[in-house]
>>> print(open('coords39.txt').read())   # compact mmCIF, C-alpha atoms
# COMPACT_ATOMS: atom_id res chain seq x y z
CA MET A 1 106.03 20.79 36.38
CA ARG A 2 103.14 19.26 35.10
CA SER A 3 100.22 21.36 34.13
CA ARG A 4 97.94 21.60 31.20
CA LEU A 5 94.66 23.44 31.13
CA ALA A 6 91.91 22.08 28.90
CA LEU A 7 89.61 24.95 28.05
CA ILE A 8 87.31 22.70 26.06
CA PRO A 9 87.81 18.99 25.36
CA ALA A 10 89.52 19.73 22.04
CA LEU A 11 91.68 22.50 23.48
CA ALA A 12 94.51 21.43 25.74
CA VAL A 13 97.32 23.77 26.67
CA ALA A 14 100.24 23.17 28.96
CA ALA A 15 101.54 25.94 31.16
CA VAL A 16 104.56 24.64 32.35
CA VAL A 17 106.26 24.03 32.97
CA THR A 18 106.94 23.03 31.89
CA LEU A 19 110.08 21.97 31.92
CA ALA A 20 107.75 23.77 30.42
CA GLY A 21 105.62 25.14 23.23
CA CYS A 22 107.11 24.97 20.03
CA SER A 23 108.78 21.80 18.99
CA ALA A 24 112.32 21.51 20.29
CA PRO A 25 115.30 20.91 18.04
CA ALA A 26 116.38 17.31 17.79
CA PRO A 27 118.49 16.45 20.84
CA ASP A 28 122.21 16.48 20.19
CA PRO A 29 123.67 13.61 22.22
CA GLY A 30 126.95 15.48 22.51
CA ALA A 31 125.44 18.79 23.52
CA VAL A 32 124.88 17.99 27.16
CA ASP A 33 128.57 17.75 28.01
CA LEU A 34 129.85 20.89 26.34
CA ASP A 35 130.97 22.33 29.67
CA PRO A 36 134.80 22.53 29.45
CA SER A 37 135.10 20.60 32.72
CA ALA A 38 133.19 17.72 31.21
CA THR A 39 136.33 16.14 29.80
CA GLU A 40 138.67 16.89 32.68
CA ASP A 41 137.57 14.30 35.21
CA PRO A 42 136.03 11.15 33.70
CA SER A 43 135.20 9.90 37.19
CA GLY A 44 133.00 12.92 38.00
CA PRO A 45 129.38 13.66 37.09
CA ASP A 46 130.41 14.59 33.56
CA ALA A 47 131.26 10.97 32.88
CA SER A 48 127.52 10.34 32.44
CA GLY A 49 127.21 13.24 30.00
CA GLY A 50 125.37 15.50 32.44
CA GLY A 51 128.14 17.94 33.34
CA CYS A 52 126.57 20.91 31.56
CA LEU A 53 123.27 20.30 33.33
CA VAL A 54 124.66 20.68 36.85
CA GLY A 55 123.86 24.11 38.28
CA THR A 56 120.94 26.43 38.98
CA TRP A 57 118.65 27.49 36.15
CA GLU A 58 115.90 30.10 35.78
CA LEU A 59 112.96 29.48 33.43
CA ASP A 60 112.13 32.00 30.71
CA GLY A 61 108.48 32.23 31.73
CA GLN A 62 107.55 34.70 29.00
CA ARG A 63 108.57 32.21 26.32
CA ASN A 64 106.33 29.65 28.01
CA ALA A 65 103.50 32.17 27.99
CA GLU A 66 104.02 32.79 24.27
CA GLN A 67 103.85 29.06 23.60
CA LEU A 68 100.57 28.88 25.49
CA GLN A 69 99.11 31.65 23.38
CA GLU A 70 100.29 29.95 20.18
CA ASN A 71 98.70 26.71 21.32
CA PHE A 72 95.37 28.40 22.00
CA ALA A 73 95.46 30.06 18.59
CA ALA A 74 96.27 26.75 16.87
CA ASN A 75 93.19 25.25 18.51
CA GLY A 76 90.89 28.06 17.43
CA ALA A 77 90.71 30.10 20.63
CA GLU A 78 91.00 33.87 20.36
CA ILE A 79 93.65 34.44 23.03
CA SER A 80 95.18 37.83 22.33
CA ALA A 81 97.54 38.36 25.26
CA THR A 82 99.44 36.21 27.72
CA SER A 83 101.49 37.46 30.65
CA VAL A 84 103.51 35.86 33.42
CA GLU A 85 104.37 36.69 37.02
CA GLY A 86 106.78 34.89 39.34
CA GLY A 87 109.21 32.26 38.20
CA VAL A 88 110.61 28.75 38.25
CA THR A 89 114.05 27.63 39.41
CA LEU A 90 115.59 24.31 38.44
CA THR A 91 118.46 23.15 40.65
CA ILE A 92 120.54 20.22 39.45
CA ASP A 93 123.36 18.54 41.33
CA ASP A 94 125.15 15.27 40.62
CA ALA A 95 122.27 13.15 41.91
CA THR A 96 119.11 15.24 42.34
CA MET A 97 117.01 17.58 40.24
CA THR A 98 114.71 20.02 42.09
CA TYR A 99 111.99 22.08 40.42
CA ASP A 100 110.80 25.02 42.53
CA SER A 101 107.83 26.85 41.05
CA ASP A 102 105.73 29.88 41.91
CA ILE A 103 104.58 31.15 38.55
CA THR A 104 101.27 32.52 37.31
CA TYR A 105 100.14 32.76 33.69
CA THR A 106 97.28 35.08 32.73
CA MET A 107 95.67 34.69 29.32
CA THR A 108 93.02 37.01 27.92
CA GLY A 109 91.00 36.88 24.76
CA ASP A 110 87.58 36.68 23.19
CA MET A 111 85.04 33.88 23.17
CA GLN A 112 82.01 34.57 21.00
CA GLY A 113 82.15 38.27 21.80
CA LEU A 114 82.79 37.85 25.53
CA GLU A 115 86.09 38.52 27.26
CA ILE A 116 87.74 35.36 28.57
CA VAL A 117 90.41 35.44 31.25
CA ILE A 118 92.33 32.31 32.19
CA VAL A 119 94.69 32.37 35.17
CA GLN A 120 96.87 29.43 36.06
CA ASN A 121 99.21 29.26 39.04
CA GLN A 122 101.79 26.52 39.51
CA ALA A 123 103.36 26.49 42.96
CA GLY A 124 105.43 24.01 44.95
CA VAL A 125 108.54 21.88 44.74
CA SER A 126 109.15 18.61 42.89
CA SER A 127 112.39 16.64 43.04
CA GLY A 128 113.97 13.30 42.38
CA SER A 129 117.03 11.40 41.24
CA TRP A 130 118.05 11.77 37.62
CA SER A 131 120.37 10.33 35.00
CA GLU A 132 121.16 11.33 31.43
CA ALA A 133 122.02 9.30 28.34
CA ASP A 134 122.04 10.34 24.68
CA GLY A 135 120.35 13.66 25.41
CA VAL A 136 117.48 12.15 27.42
CA VAL A 137 117.02 12.67 31.16
CA THR A 138 115.18 9.98 33.11
CA PHE A 139 114.05 10.15 36.72
CA SER A 140 113.58 7.86 39.71
CA ASP A 141 112.18 8.36 43.21
CA TRP A 142 110.33 11.40 41.89
CA SER A 143 108.27 13.38 44.40
CA ASN A 144 105.71 15.70 42.81
CA GLY A 145 104.82 18.70 44.96
CA ILE A 146 103.45 21.08 42.34
CA ALA A 147 99.89 22.31 42.91
CA VAL A 148 98.08 23.76 39.90
CA GLY A 149 95.27 26.26 40.35
CA ASN A 150 93.11 27.46 37.48
CA THR A 151 90.44 30.14 37.28
CA VAL A 152 88.44 30.98 34.18
CA THR A 153 86.04 33.89 33.74
CA ILE A 154 83.93 34.58 30.66
CA GLY A 155 82.26 37.95 30.48
CA GLY A 156 83.24 38.50 34.10
CA VAL A 157 81.53 35.32 35.31
CA ALA A 158 83.56 32.50 36.86
CA THR A 159 83.21 29.36 34.77
CA GLU A 160 84.07 25.71 35.37
CA PHE A 161 86.06 23.88 32.72
CA PRO A 162 87.55 20.39 32.78
CA ILE A 163 91.20 20.32 33.78
CA GLU A 164 93.69 17.98 32.15
CA ILE A 165 97.11 17.54 33.73
CA PRO A 166 99.40 15.59 31.38
CA GLU A 167 102.69 13.95 32.20
CA ASP A 168 105.70 16.24 32.22
CA LEU A 169 108.59 17.02 34.57
CA GLY A 170 106.24 17.37 37.51
CA SER A 171 105.61 13.66 37.43
CA GLY A 172 109.13 12.73 36.44
CA THR A 173 108.50 11.74 32.85
CA ASP A 174 111.49 11.39 30.51
CA MET A 175 112.59 14.62 28.85
CA ASP A 176 114.86 15.58 25.99
CA VAL A 177 117.59 18.05 26.95
CA THR A 178 119.92 20.31 25.02
CA CYS A 179 122.52 22.08 27.15
CA SER A 180 125.32 24.37 26.07
CA GLY A 181 127.16 26.74 28.38
CA ASP A 182 124.58 28.95 30.09
CA SER A 183 121.59 27.82 28.01
CA LEU A 184 119.36 24.80 28.61
CA GLU A 185 116.32 23.53 26.73
CA THR A 186 114.07 20.84 28.15
CA LYS A 187 111.15 19.07 26.51
CA PRO A 188 109.18 16.43 28.39
CA GLN A 189 108.50 13.70 25.87
CA GLN A 190 104.74 13.77 26.44
CA SER A 191 104.44 17.55 26.12
CA PRO A 192 104.45 19.83 23.06
CA PHE A 193 106.12 22.60 25.08
CA THR A 194 109.79 23.41 25.45
CA GLY A 195 111.31 25.03 28.54
CA TYR A 196 114.06 27.59 27.95
CA TRP A 197 116.41 28.14 30.89
CA SER A 198 119.31 30.44 31.71
CA ARG A 199 122.06 29.50 34.12
CA VAL A 200 122.02 31.62 37.30
CA GLY A 201 124.37 29.57 39.41
>>> encode(input="coords39.txt", output="structure tokens")
Amino acid sequence: MRSRLALIPALAVAAVVTLAGCSAPAPDPGAVDLDPSATEDPSGPDASGGGCLVGTWELDGQRNAEQLQENFAANGAEISATSVEGGVTLTIDDATMTYDSDITYTMTGDMQGLEIVIVQNQAGVSSGSWSEADGVVTFSDWSNGIAVGNTVTIGGVATEFPIEIPEDLGSGTDMDVTCSGDSLETKPQQSPFTGYWSRVG
């Protein structure tokens, strides 16, 4: 889930996926194995501290959208509304993490008296092997299949802007994780955005 839209060179915002905002709380090394089963079988996946992570997770896309809007505002852009359609599912088993995205963010606002509309779609599947230690997930054999599409209109006219795509989960960069029960937070270390996930399986 890598995706960041640069509206102007000084304005970079990530839509993503992030495992993809606001700064995340400091990782708690013990938080990732709070699942009660984590201490039952030291030979299982929980022995590496990742027991709580295993499962299927759904991204809170609206919280990502709100982070995008906050980022625009912090960089001086008058984005007044941000909405989201679709979703992102993160599936984690003992060996593999799979990120399946089909989410669209729409941001509207004002630029020197003209309406600006920014639409970003992130679609595809990324996956790879993972391991966790001290609240940090690292990846190997990562395959990035996320395609990012951006459209920008100003005053109803389609406009070209440079696109910056920074490192985040989509490219398998390291990420801080905080997992407890049915709640998961992820923050790629090269991204200002935090992903908030709810367990669905």
>>> closest_atom_pairs(input="coords39.txt", of="segment 108-178 of chain A", to="segment 72-92 of chain A", cutoff="8 Å", atoms="only C-alpha atoms", output="tab-separated table")
residue	atom	partner	partner_atom	distance
A:Thr108	CA	A:Ala81	CA	5.4
A:Gly109	CA	A:Ile79	CA	4.0
A:Asp110	CA	A:Glu78	CA	5.3
A:Met111	CA	A:Glu78	CA	6.6
>>> closest_residue(input="coords39.txt", among="A:Asp94, A:Phe193, A:Asn71, A:Asp174", to="Gly135 of chain A", atoms="all atoms listed in the file")
A:Asp174
>>> atom_distance(input="coords39.txt", atom1="atom CA of Ser131 of chain A", atom2="atom CA of Thr104 of chain A")
29.4 Å
>>> residues_around(input="coords39.txt", residues="Thr106 of chain A", least_positions_apart="6", cutoff="12 Å", atoms="all atoms listed in the file", output="tab-separated table (two decimals) with C-alpha atoms, keeping the file's coordinate frame")
chain	number	residue	atom	x	y	z
A	15	ALA	CA	101.54	25.94	31.16
A	61	GLY	CA	108.48	32.23	31.73
A	62	GLN	CA	107.55	34.70	29.00
A	64	ASN	CA	106.33	29.65	28.01
A	65	ALA	CA	103.50	32.17	27.99
A	66	GLU	CA	104.02	32.79	24.27
A	68	LEU	CA	100.57	28.88	25.49
A	69	GLN	CA	99.11	31.65	23.38
A	79	ILE	CA	93.65	34.44	23.03
A	80	SER	CA	95.18	37.83	22.33
A	81	ALA	CA	97.54	38.36	25.26
A	82	THR	CA	99.44	36.21	27.72
A	83	SER	CA	101.49	37.46	30.65
A	84	VAL	CA	103.51	35.86	33.42
A	85	GLU	CA	104.37	36.69	37.02
A	86	GLY	CA	106.78	34.89	39.34
A	116	ILE	CA	87.74	35.36	28.57
A	117	VAL	CA	90.41	35.44	31.25
A	118	ILE	CA	92.33	32.31	32.19
A	119	VAL	CA	94.69	32.37	35.17
A	120	GLN	CA	96.87	29.43	36.06
A	121	ASN	CA	99.21	29.26	39.04
A	122	GLN	CA	101.79	26.52	39.51
A	149	GLY	CA	95.27	26.26	40.35
A	150	ASN	CA	93.11	27.46	37.48
A	151	THR	CA	90.44	30.14	37.28
A	152	VAL	CA	88.44	30.98	34.18
A	153	THR	CA	86.04	33.89	33.74
>>> atom_distance(input="coords39.txt", atom1="atom CA of Gly55 of chain A", atom2="atom CA of Cys179 of chain A")
11.4 Å
>>> residues_around(input="coords39.txt", residues="Phe139 of chain A", least_positions_apart="4", cutoff="10 Å", atoms="only C-alpha atoms", output="mmCIF file with C-alpha atoms, in the coordinates of the input")
data_model
loop_
_atom_site.group_PDB
_atom_site.id
_atom_site.type_symbol
_atom_site.label_atom_id
_atom_site.label_comp_id
_atom_site.auth_asym_id
_atom_site.auth_seq_id
_atom_site.Cartn_x
_atom_site.Cartn_y
_atom_site.Cartn_z
ATOM 1 C CA THR A 96 119.110 15.240 42.340
ATOM 2 C CA MET A 97 117.010 17.580 40.240
ATOM 3 C CA SER A 127 112.390 16.640 43.040
ATOM 4 C CA GLY A 128 113.970 13.300 42.380
ATOM 5 C CA SER A 129 117.030 11.400 41.240
ATOM 6 C CA TRP A 130 118.050 11.770 37.620
ATOM 7 C CA SER A 131 120.370 10.330 35.000
ATOM 8 C CA GLU A 132 121.160 11.330 31.430
ATOM 9 C CA LEU A 169 108.590 17.020 34.570
ATOM 10 C CA SER A 171 105.610 13.660 37.430
ATOM 11 C CA GLY A 172 109.130 12.730 36.440
ATOM 12 C CA THR A 173 108.500 11.740 32.850
ATOM 13 C CA ASP A 174 111.490 11.390 30.510
ATOM 14 C CA MET A 175 112.590 14.620 28.850
#
>>> closest_residue(input="coords39.txt", among="A:Val137, A:Gly201, A:Ile154, A:Ala147", to="Pro188 of chain A", atoms="all atoms listed in the file")
A:Val137
>>> atom_distance(input="coords39.txt", atom1="atom CA of Asp60 of chain A", atom2="atom CA of Ser126 of chain A")
18.3 Å
>>> closest_residue(input="coords39.txt", among="A:Val136, A:Val157, A:Ile103, A:Val200", to="Lys187 of chain A", atoms="all atoms listed in the file")
A:Val136
>>> closest_residue(input="coords39.txt", among="A:Ser140, A:Leu114, A:Arg63, A:Gly145", to="Asp102 of chain A", atoms="all atoms listed in the file")
A:Gly145
>>> closest_residue(input="coords39.txt", among="A:Ser191, A:Leu184, A:Met107, A:Val148", to="Glu58 of chain A", atoms="only C-alpha atoms")
A:Leu184
>>> build_atoms(input="coords39.txt", residues="segment 51-65 of chain A", atoms="N, CA, C and O atoms", output="compact mmCIF listing (two decimals), keeping the file's coordinate frame")
# COMPACT_ATOMS: atom_id res chain seq x y z
N GLY A 51 127.38 16.87 32.72
CA GLY A 51 128.14 17.94 33.34
C GLY A 51 127.56 19.32 33.09
O GLY A 51 127.52 20.16 33.99
N CYS A 52 127.12 19.60 31.88
CA CYS A 52 126.57 20.91 31.56
C CYS A 52 125.29 21.17 32.33
O CYS A 52 124.96 22.31 32.64
N LEU A 53 124.55 20.13 32.66
CA LEU A 53 123.27 20.30 33.33
C LEU A 53 123.40 20.75 34.77
O LEU A 53 122.51 21.42 35.31
N VAL A 54 124.50 20.40 35.42
CA VAL A 54 124.66 20.68 36.85
C VAL A 54 124.73 22.19 37.07
O VAL A 54 125.50 22.90 36.43
N GLY A 55 123.90 22.69 37.99
CA GLY A 55 123.86 24.11 38.28
C GLY A 55 122.46 24.55 38.66
O GLY A 55 121.58 23.72 38.93
N THR A 56 122.24 25.85 38.66
CA THR A 56 120.94 26.43 38.98
C THR A 56 120.46 27.20 37.76
O THR A 56 121.20 28.00 37.18
N TRP A 57 119.20 26.95 37.39
CA TRP A 57 118.65 27.49 36.15
C TRP A 57 117.35 28.24 36.43
O TRP A 57 116.56 27.84 37.29
N GLU A 58 117.13 29.31 35.66
CA GLU A 58 115.90 30.10 35.78
C GLU A 58 115.11 29.97 34.47
O GLU A 58 115.65 30.15 33.37
N LEU A 59 113.81 29.66 34.60
CA LEU A 59 112.96 29.48 33.43
C LEU A 59 112.62 30.82 32.78
O LEU A 59 112.34 31.80 33.46
N ASP A 60 112.62 30.85 31.46
CA ASP A 60 112.13 32.00 30.71
C ASP A 60 110.61 31.87 30.63
O ASP A 60 110.06 31.28 29.70
N GLY A 61 109.92 32.39 31.64
CA GLY A 61 108.48 32.23 31.73
C GLY A 61 107.73 32.91 30.60
O GLY A 61 106.67 32.42 30.17
N GLN A 62 108.25 34.01 30.08
CA GLN A 62 107.55 34.70 29.00
C GLN A 62 107.51 33.84 27.74
O GLN A 62 106.52 33.83 27.02
N ARG A 63 108.59 33.09 27.49
CA ARG A 63 108.57 32.21 26.32
C ARG A 63 107.56 31.09 26.50
O ARG A 63 106.91 30.67 25.54
N ASN A 64 107.39 30.62 27.75
CA ASN A 64 106.33 29.65 28.01
C ASN A 64 104.96 30.26 27.75
O ASN A 64 104.08 29.62 27.16
N ALA A 65 104.78 31.49 28.20
CA ALA A 65 103.50 32.17 27.99
C ALA A 65 103.20 32.32 26.50
O ALA A 65 102.06 32.13 26.06
